[in-house]
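A.B. asks: I am sharing start-v8.cif, which consists of mmCIF, C-alpha atoms:
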data_run
#
loop_
_atom_site.group_PDB
_atom_site.id
_atom_site.type_symbol
_atom_site.label_atom_id
_atom_site.label_comp_id
_atom_site.auth_asym_id
_atom_site.auth_seq_id
_atom_site.Cartn_x
_atom_site.Cartn_y
_atom_site.Cartn_z
ATOM 1 C CA MET A 4 -30.967 -3.149 25.915
ATOM 2 C CA LYS A 5 -30.870 0.143 24.036
ATOM 3 C CA ASP A 6 -28.228 2.782 23.831
ATOM 4 C CA ALA A 7 -28.664 6.443 22.914
ATOM 5 C CA PHE A 8 -28.123 5.862 19.196
ATOM 6 C CA LEU A 9 -30.667 3.031 19.036
ATOM 7 C CA GLU A 10 -33.147 5.177 20.947
ATOM 8 C CA ALA A 11 -32.667 8.006 18.439
ATOM 9 C CA LEU A 12 -32.846 5.622 15.482
ATOM 10 C CA SER A 13 -36.177 4.202 16.618
ATOM 11 C CA ARG A 14 -37.847 7.623 16.882
ATOM 12 C CA PRO A 15 -40.340 8.541 14.137
ATOM 13 C CA ARG A 16 -37.960 11.082 12.576
ATOM 14 C CA PRO A 17 -35.805 10.918 9.463
ATOM 15 C CA ASP A 18 -32.577 11.419 11.404
ATOM 16 C CA PRO A 19 -30.607 9.426 12.191
ATOM 17 C CA GLY A 20 -31.435 7.182 9.290
ATOM 18 C CA GLY A 21 -30.022 4.372 7.207
ATOM 19 C CA GLY A 22 -26.631 5.939 6.570
ATOM 20 C CA ALA A 23 -25.961 6.535 10.247
ATOM 21 C CA ALA A 24 -27.262 3.032 11.007
ATOM 22 C CA SER A 25 -24.783 1.641 8.476
ATOM 23 C CA ALA A 26 -21.944 3.476 10.204
ATOM 24 C CA TYR A 27 -23.202 2.118 13.533
ATOM 25 C CA GLY A 28 -23.114 -1.402 12.078
ATOM 26 C CA ALA A 29 -19.500 -0.785 11.113
ATOM 27 C CA LEU A 30 -18.854 0.325 14.701
ATOM 28 C CA LEU A 31 -20.268 -2.989 15.947
ATOM 29 C CA SER A 32 -17.865 -4.803 13.652
ATOM 30 C CA VAL A 33 -14.893 -2.771 14.847
ATOM 31 C CA ALA A 34 -15.846 -3.325 18.497
ATOM 32 C CA ILE A 35 -15.648 -7.086 17.987
ATOM 33 C CA VAL A 36 -12.270 -6.740 16.278
ATOM 34 C CA GLU A 37 -10.997 -4.566 19.125
ATOM 35 C CA LYS A 38 -12.111 -7.193 21.640
ATOM 36 C CA ILE A 39 -10.192 -9.929 19.804
ATOM 37 C CA VAL A 40 -7.046 -7.808 19.460
ATOM 38 C CA ARG A 41 -7.134 -6.932 23.173
ATOM 39 C CA ILE A 42 -7.618 -10.598 24.108
ATOM 40 C CA GLU A 43 -4.667 -11.578 21.949
ATOM 41 C CA LEU A 44 -2.500 -8.807 23.384
ATOM 42 C CA GLN A 45 -3.087 -10.241 26.870
ATOM 43 C CA ARG A 46 -1.817 -13.669 25.867
ATOM 44 C CA ASN A 47 1.690 -14.437 27.046
ATOM 45 C CA GLU A 48 2.395 -16.674 24.039
ATOM 46 C CA ASN A 49 1.769 -13.766 21.676
ATOM 47 C CA SER A 50 4.865 -11.825 22.689
ATOM 48 C CA GLY A 51 6.325 -12.263 19.191
ATOM 49 C CA SER A 52 3.212 -10.748 17.629
ATOM 50 C CA GLU A 53 2.792 -7.963 20.166
ATOM 51 C CA SER A 54 4.056 -5.150 17.931
ATOM 52 C CA VAL A 55 1.838 -6.324 15.055
ATOM 53 C CA LEU A 56 -1.164 -6.539 17.372
ATOM 54 C CA THR A 57 -0.393 -3.111 18.826
ATOM 55 C CA ARG A 58 -0.376 -1.661 15.295
ATOM 56 C CA MET A 59 -3.656 -3.465 14.609
ATOM 57 C CA LEU A 60 -5.135 -1.932 17.750
ATOM 58 C CA SER A 61 -4.075 1.509 16.510
ATOM 59 C CA THR A 62 -5.797 0.782 13.190
ATOM 60 C CA VAL A 63 -8.942 -0.304 15.030
ATOM 61 C CA VAL A 64 -8.984 2.928 17.046
ATOM 62 C CA VAL A 65 -8.730 4.982 13.836
ATOM 63 C CA LEU A 66 -11.533 2.953 12.247
ATOM 64 C CA GLN A 67 -13.726 3.519 15.313
ATOM 65 C CA LYS A 68 -13.155 7.263 15.163
ATOM 66 C CA ASP A 69 -13.866 7.316 11.431
ATOM 67 C CA CYS A 70 -17.097 5.331 11.739
ATOM 68 C CA ALA A 71 -18.313 7.442 14.661
ATOM 69 C CA GLN A 72 -17.564 10.533 12.578
ATOM 70 C CA TRP A 73 -19.486 9.109 9.580
ATOM 71 C CA CYS A 74 -22.425 8.379 11.859
ATOM 72 C CA GLU A 75 -22.627 12.037 12.864
ATOM 73 C CA GLN A 76 -21.755 13.416 9.428
ATOM 74 C CA ASP A 77 -24.487 11.369 7.786
ATOM 75 C CA VAL A 78 -27.094 13.015 9.998
ATOM 76 C CA GLN A 79 -25.664 16.475 9.280
ATOM 77 C CA ALA A 80 -25.487 15.843 5.517
ATOM 78 C CA TYR A 81 -29.096 14.673 5.476
ATOM 79 C CA LEU A 82 -30.311 17.667 7.488
ATOM 80 C CA GLU A 83 -28.453 20.098 5.222
ATOM 81 C CA LEU A 84 -29.768 18.494 2.034
ATOM 82 C CA ALA A 85 -33.310 18.524 3.417
ATOM 83 C CA ARG A 86 -32.951 22.196 4.380
ATOM 84 C CA VAL A 87 -31.643 23.191 0.952
ATOM 85 C CA ARG A 88 -34.320 21.250 -0.906
ATOM 86 C CA LYS A 89 -37.129 22.557 1.307
ATOM 87 C CA ALA A 90 -35.949 26.131 0.759
ATOM 88 C CA GLY A 91 -35.884 25.581 -3.010
ATOM 89 C CA ILE A 92 -32.208 26.495 -3.189
ATOM 90 C CA THR A 93 -30.480 25.569 -6.442
ATOM 91 C CA GLY A 94 -27.043 25.933 -7.947
ATOM 92 C CA SER A 95 -23.795 25.384 -6.120
ATOM 93 C CA GLU A 96 -25.359 25.147 -2.656
ATOM 94 C CA LEU A 97 -27.670 22.341 -3.793
ATOM 95 C CA ILE A 98 -24.824 20.552 -5.555
ATOM 96 C CA SER A 99 -22.621 20.886 -2.479
ATOM 97 C CA SER A 100 -25.306 19.455 -0.200
ATOM 98 C CA MET A 101 -25.960 16.568 -2.612
ATOM 99 C CA GLU A 102 -22.240 15.825 -2.790
ATOM 100 C CA SER A 103 -22.000 15.735 1.007
ATOM 101 C CA ALA A 104 -24.960 13.354 1.089
ATOM 102 C CA VAL A 105 -23.056 11.047 -1.292
ATOM 103 C CA GLU A 106 -19.586 11.422 0.232
ATOM 104 C CA CYS A 107 -20.603 10.258 3.684
ATOM 105 C CA PRO A 108 -22.011 6.834 2.727
ATOM 106 C CA LEU A 109 -19.085 6.375 0.332
ATOM 107 C CA ASN A 110 -16.779 6.957 3.302
ATOM 108 C CA ILE A 111 -18.741 4.382 5.297
ATOM 109 C CA MET A 112 -18.286 1.894 2.452
ATOM 110 C CA GLN A 113 -14.547 2.615 2.302
ATOM 111 C CA SER A 114 -14.221 2.165 6.062
ATOM 112 C CA GLY A 115 -16.143 -1.105 5.834
ATOM 113 C CA LEU A 116 -13.620 -2.406 3.318
ATOM 114 C CA ARG A 117 -10.770 -1.368 5.609
ATOM 115 C CA ILE A 118 -12.502 -3.179 8.473
ATOM 116 C CA LEU A 119 -12.747 -6.367 6.396
ATOM 117 C CA LYS A 120 -9.009 -6.169 5.666
ATOM 118 C CA CYS A 121 -8.283 -5.601 9.355
ATOM 119 C CA ILE A 122 -10.426 -8.616 10.259
ATOM 120 C CA ALA A 123 -8.394 -10.786 7.892
ATOM 121 C CA ASP A 124 -5.155 -9.519 9.430
ATOM 122 C CA VAL A 125 -6.350 -10.197 12.975
ATOM 123 C CA GLY A 126 -7.720 -13.589 11.940
ATOM 124 C CA SER A 127 -4.324 -14.654 10.675
ATOM 125 C CA LEU A 128 -2.884 -14.181 14.194
ATOM 126 C CA CYS A 129 -5.625 -15.036 16.662
ATOM 127 C CA ARG A 130 -6.522 -18.329 18.290
ATOM 128 C CA LYS A 131 -8.983 -20.512 16.411
ATOM 129 C CA HIS A 132 -11.780 -20.297 18.979
ATOM 130 C CA LEU A 133 -11.967 -16.531 18.316
ATOM 131 C CA ILE A 134 -12.488 -16.930 14.567
ATOM 132 C CA SER A 135 -16.280 -17.219 14.816
ATOM 133 C CA ASP A 136 -16.420 -13.794 16.475
ATOM 134 C CA LEU A 137 -14.367 -12.369 13.617
ATOM 135 C CA GLN A 138 -16.771 -13.983 11.149
ATOM 136 C CA VAL A 139 -19.611 -12.130 12.877
ATOM 137 C CA ALA A 140 -17.565 -8.920 12.619
ATOM 138 C CA ALA A 141 -17.052 -9.555 8.895
ATOM 139 C CA GLU A 142 -20.792 -9.982 8.368
ATOM 140 C CA PHE A 143 -21.486 -6.706 10.210
ATOM 141 C CA ALA A 144 -18.864 -4.938 8.087
ATOM 142 C CA ARG A 145 -20.344 -6.292 4.860
ATOM 143 C CA ALA A 146 -23.855 -5.325 5.977
ATOM 144 C CA ALA A 147 -22.602 -1.812 6.794
ATOM 145 C CA ILE A 148 -21.067 -1.525 3.335
ATOM 146 C CA TYR A 149 -24.202 -2.664 1.558
ATOM 147 C CA GLY A 150 -26.415 -0.522 3.775
ATOM 148 C CA ALA A 151 -24.331 2.525 2.915
ATOM 149 C CA SER A 152 -24.424 1.515 -0.751
ATOM 150 C CA HIS A 153 -28.211 1.815 -0.759
ATOM 151 C CA ILE A 154 -27.994 5.328 0.682
ATOM 152 C CA THR A 155 -25.293 6.227 -1.847
ATOM 153 C CA SER A 156 -27.383 4.889 -4.707
ATOM 154 C CA ALA A 157 -30.441 6.890 -3.631
ATOM 155 C CA ASN A 158 -28.411 10.081 -3.309
ATOM 156 C CA LEU A 159 -26.693 9.531 -6.665
ATOM 157 C CA LEU A 160 -30.119 9.138 -8.244
ATOM 158 C CA LEU A 161 -31.110 12.494 -6.783
ATOM 159 C CA MET A 162 -27.993 14.030 -8.331
ATOM 160 C CA ARG A 163 -28.790 12.484 -11.725
ATOM 161 C CA GLU A 164 -32.376 13.740 -11.548
ATOM 162 C CA ARG A 165 -31.001 17.237 -11.008
ATOM 163 C CA GLY A 166 -28.766 16.839 -14.063
ATOM 164 C CA HIS A 167 -25.574 16.644 -12.054
ATOM 165 C CA VAL A 168 -23.400 13.754 -13.178
ATOM 166 C CA SER A 169 -20.538 13.270 -10.802
ATOM 167 C CA SER A 170 -17.226 11.524 -10.364
ATOM 168 C CA TYR A 171 -18.802 9.827 -7.356
ATOM 169 C CA GLU A 172 -20.429 7.300 -9.686
ATOM 170 C CA GLN A 173 -17.056 5.737 -10.545
ATOM 171 C CA ARG A 174 -15.908 5.694 -6.913
ATOM 172 C CA PHE A 175 -19.197 4.054 -5.939
ATOM 173 C CA GLN A 176 -18.861 1.365 -8.599
ATOM 174 C CA THR A 177 -15.243 0.702 -7.667
ATOM 175 C CA LEU A 178 -16.191 0.211 -4.011
ATOM 176 C CA LEU A 179 -19.078 -2.074 -4.944
ATOM 177 C CA ASP A 180 -16.745 -4.137 -7.113
ATOM 178 C CA GLN A 181 -14.364 -4.578 -4.175
ATOM 179 C CA VAL A 182 -16.894 -5.661 -1.544
ATOM 180 C CA GLU A 183 -17.384 -9.329 -2.346
ATOM 181 C CA THR A 184 -13.741 -9.837 -3.302
ATOM 182 C CA GLN A 185 -12.542 -8.459 0.030
ATOM 183 C CA PHE A 186 -15.287 -10.237 1.977
ATOM 184 C CA ASN A 187 -14.426 -13.575 0.349
ATOM 185 C CA GLN A 188 -10.706 -13.039 0.973
ATOM 186 C CA THR A 189 -11.428 -12.219 4.605
ATOM 187 C CA MET A 190 -13.654 -15.251 5.100
ATOM 188 C CA SER A 191 -11.086 -17.455 3.375
ATOM 189 C CA THR A 192 -8.405 -16.196 5.765
ATOM 190 C CA LEU A 193 -10.777 -17.023 8.608
ATOM 191 C CA GLY A 194 -11.195 -20.543 7.250
ATOM 192 C CA ALA A 195 -14.831 -20.179 6.218
#
Is it possible to express this structure as structure tokens?
C.D. replies:
Amino acid sequence: MKDAFLEALSRPRPDPGGGAASAYGALLSVAIVEKIVRIELQRNENSGSESVLTRMLSTVVVLQKDCAQWCEQDVQAYLELARVRKAGITGSELISSMESAVECPLNIMQSGLRILKCIADVGSLCRKHLISDLQVAAEFARAAIYGASHITSANLLLMRERGHVSSYEQRFQTLLDQVETQFNQTMSTLGA
């Protein structure tokens, strides 16, 4: 079973690539979370948690939109950077394209962390037999974060090679430092 994105990803072309695939992995995670929230909203016994679950569903919808946007933006950032480099363009246009190529996977990482937090929140309210699905969602989110971190690292290296040291390095390190802490907190909430 393939969808349009998987078809495009499997083509022998550089786009979409690893960054977009990381965002897609985050979308898989969010889809599982949405499923659990919708199941819990249908439960009659959850009437006391309905407003919390409705807010969680709103958060999930925002995360889906963000991750879908990062998927597309990653492709565009890559294409622009490739165009600029191939044309031998330097200066501010090169720096701008390199920054875009770093910003997108950083945004994927940030969204992945938000997804992990959302998973913990949903896990604290859902029925126990749904926890294993949330654990799968947490693993997808963590994989998306680490996948995006590899793209970020490669693009930061390109910036360093061009003599452009950026503030993105600190943001990247901060996000990396948060991954395992948030993942472990999420899994602990899920009872793993």
A.B. asks: Which residues are close to A:Trp73, i.e. within 8 Å by all atoms listed in the file, leaving aside same-chain residues fewer than 6 positions away? Reply as an mmCIF file with C-alpha atoms, keeping the file's coordinate frame.
C.D. replies:
data_model
loop_
_atom_site.group_PDB
_atom_site.id
_atom_site.type_symbol
_atom_site.label_atom_id
_atom_site.label_comp_id
_atom_site.auth_asym_id
_atom_site.auth_seq_id
_atom_site.Cartn_x
_atom_site.Cartn_y
_atom_site.Cartn_z
ATOM 1 C CA ALA A 23 -25.961 6.535 10.247
ATOM 2 C CA ALA A 26 -21.944 3.476 10.204
ATOM 3 C CA CYS A 107 -20.603 10.258 3.684
ATOM 4 C CA PRO A 108 -22.011 6.834 2.727
ATOM 5 C CA ASN A 110 -16.779 6.957 3.302
ATOM 6 C CA ILE A 111 -18.741 4.382 5.297
#
A.B. asks: Can you pull out every residue within 12 Å of A:Lys68, counting all atoms listed in the file, but drop anything in the same chain fewer than 6 positions away, and send it as a list in words?
C.D. replies: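 Contacts, in chain order: Ala26, Tyr27, Ala29, Leu30, Val33, Ala34, Ser61, Thr62, Cys74, Glu75, Ile111 and Ser114 of chain A.
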A.B. asks: Please provide the set of residues having any atom within 7 Å of stretch 35-37 of chain A, restricted to all atoms listed in the file, with same-chain residues fewer than 6 positions apart removed, written as a ChimeraX atom specification.
C.D. replies: /A:60,63,122,136-137,140
A.B. asks: Using only C-alpha atoms, which residue out of A:Ser54, A:Asp69, A:Gly28, A:Leu193 lies closest to A:Ala123?
C.D. replies: A:Leu193
A.B. asks: Given the file shown, enumerate the residues that the PyMOL selection byres ((chain A and resi 41-44) around 10) captures and present them as a ChimeraX atom specification.
C.D. replies: /A:35-40,45-50,52-57,59-60,125,128-130,133
A.B. asks: I'd like the residues picked by the PyMOL selection byres ((chain A and resi 170-175) around 12) written out as a ChimeraX atom specification, using the chain letters and numbers from the file.
C.D. replies: /A:101-113,148-149,151-160,162-163,167-169,176-182
A.B. asks: Enter the distance from atom CA of A:Glu164 to atom CA of A:Pro19, in Å, rounded to one decimal.
C.D. replies: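 Computing it gives 24.2 Å between the two atoms.
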A.B. asks: I'd like to know which of A:Leu119, A:Ala147, A:Leu161, A:Ile134 is closest to A:Gln185, using only C-alpha atoms.
C.D. replies: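 Looking at the shortest contact to A:Gln185, the residue is A:Leu119.
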A.B. asks: Suppose you want the space between atom CA of A:Asp124 and atom CA of A:Phe8; what is it in Å?
C.D. replies: 29.3 Å
A.B. asks: Report the distance between atom CA of A:Leu97 and atom CA of A:Asp77 in Å, rounded to one decimal place.
C.D. replies: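 So the two atoms, atom CA of A:Leu97 and atom CA of A:Asp77, lie 16.3 Å apart.
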A.B. asks: Applying the PyMOL selection byres ((chain A and resi 194) around 10) to the file I just gave you, which residues come out? Please list them as a list in words.
C.D. replies: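 This file gives the following for the PyMOL selection byres ((chain A and resi 194) around 10): Gly126, Ser127, Lys131, Ile134, Ser135, Gln138, Gln188, Thr189, Met190, Ser191, Thr192, Leu193 and Ala195 of chain A.
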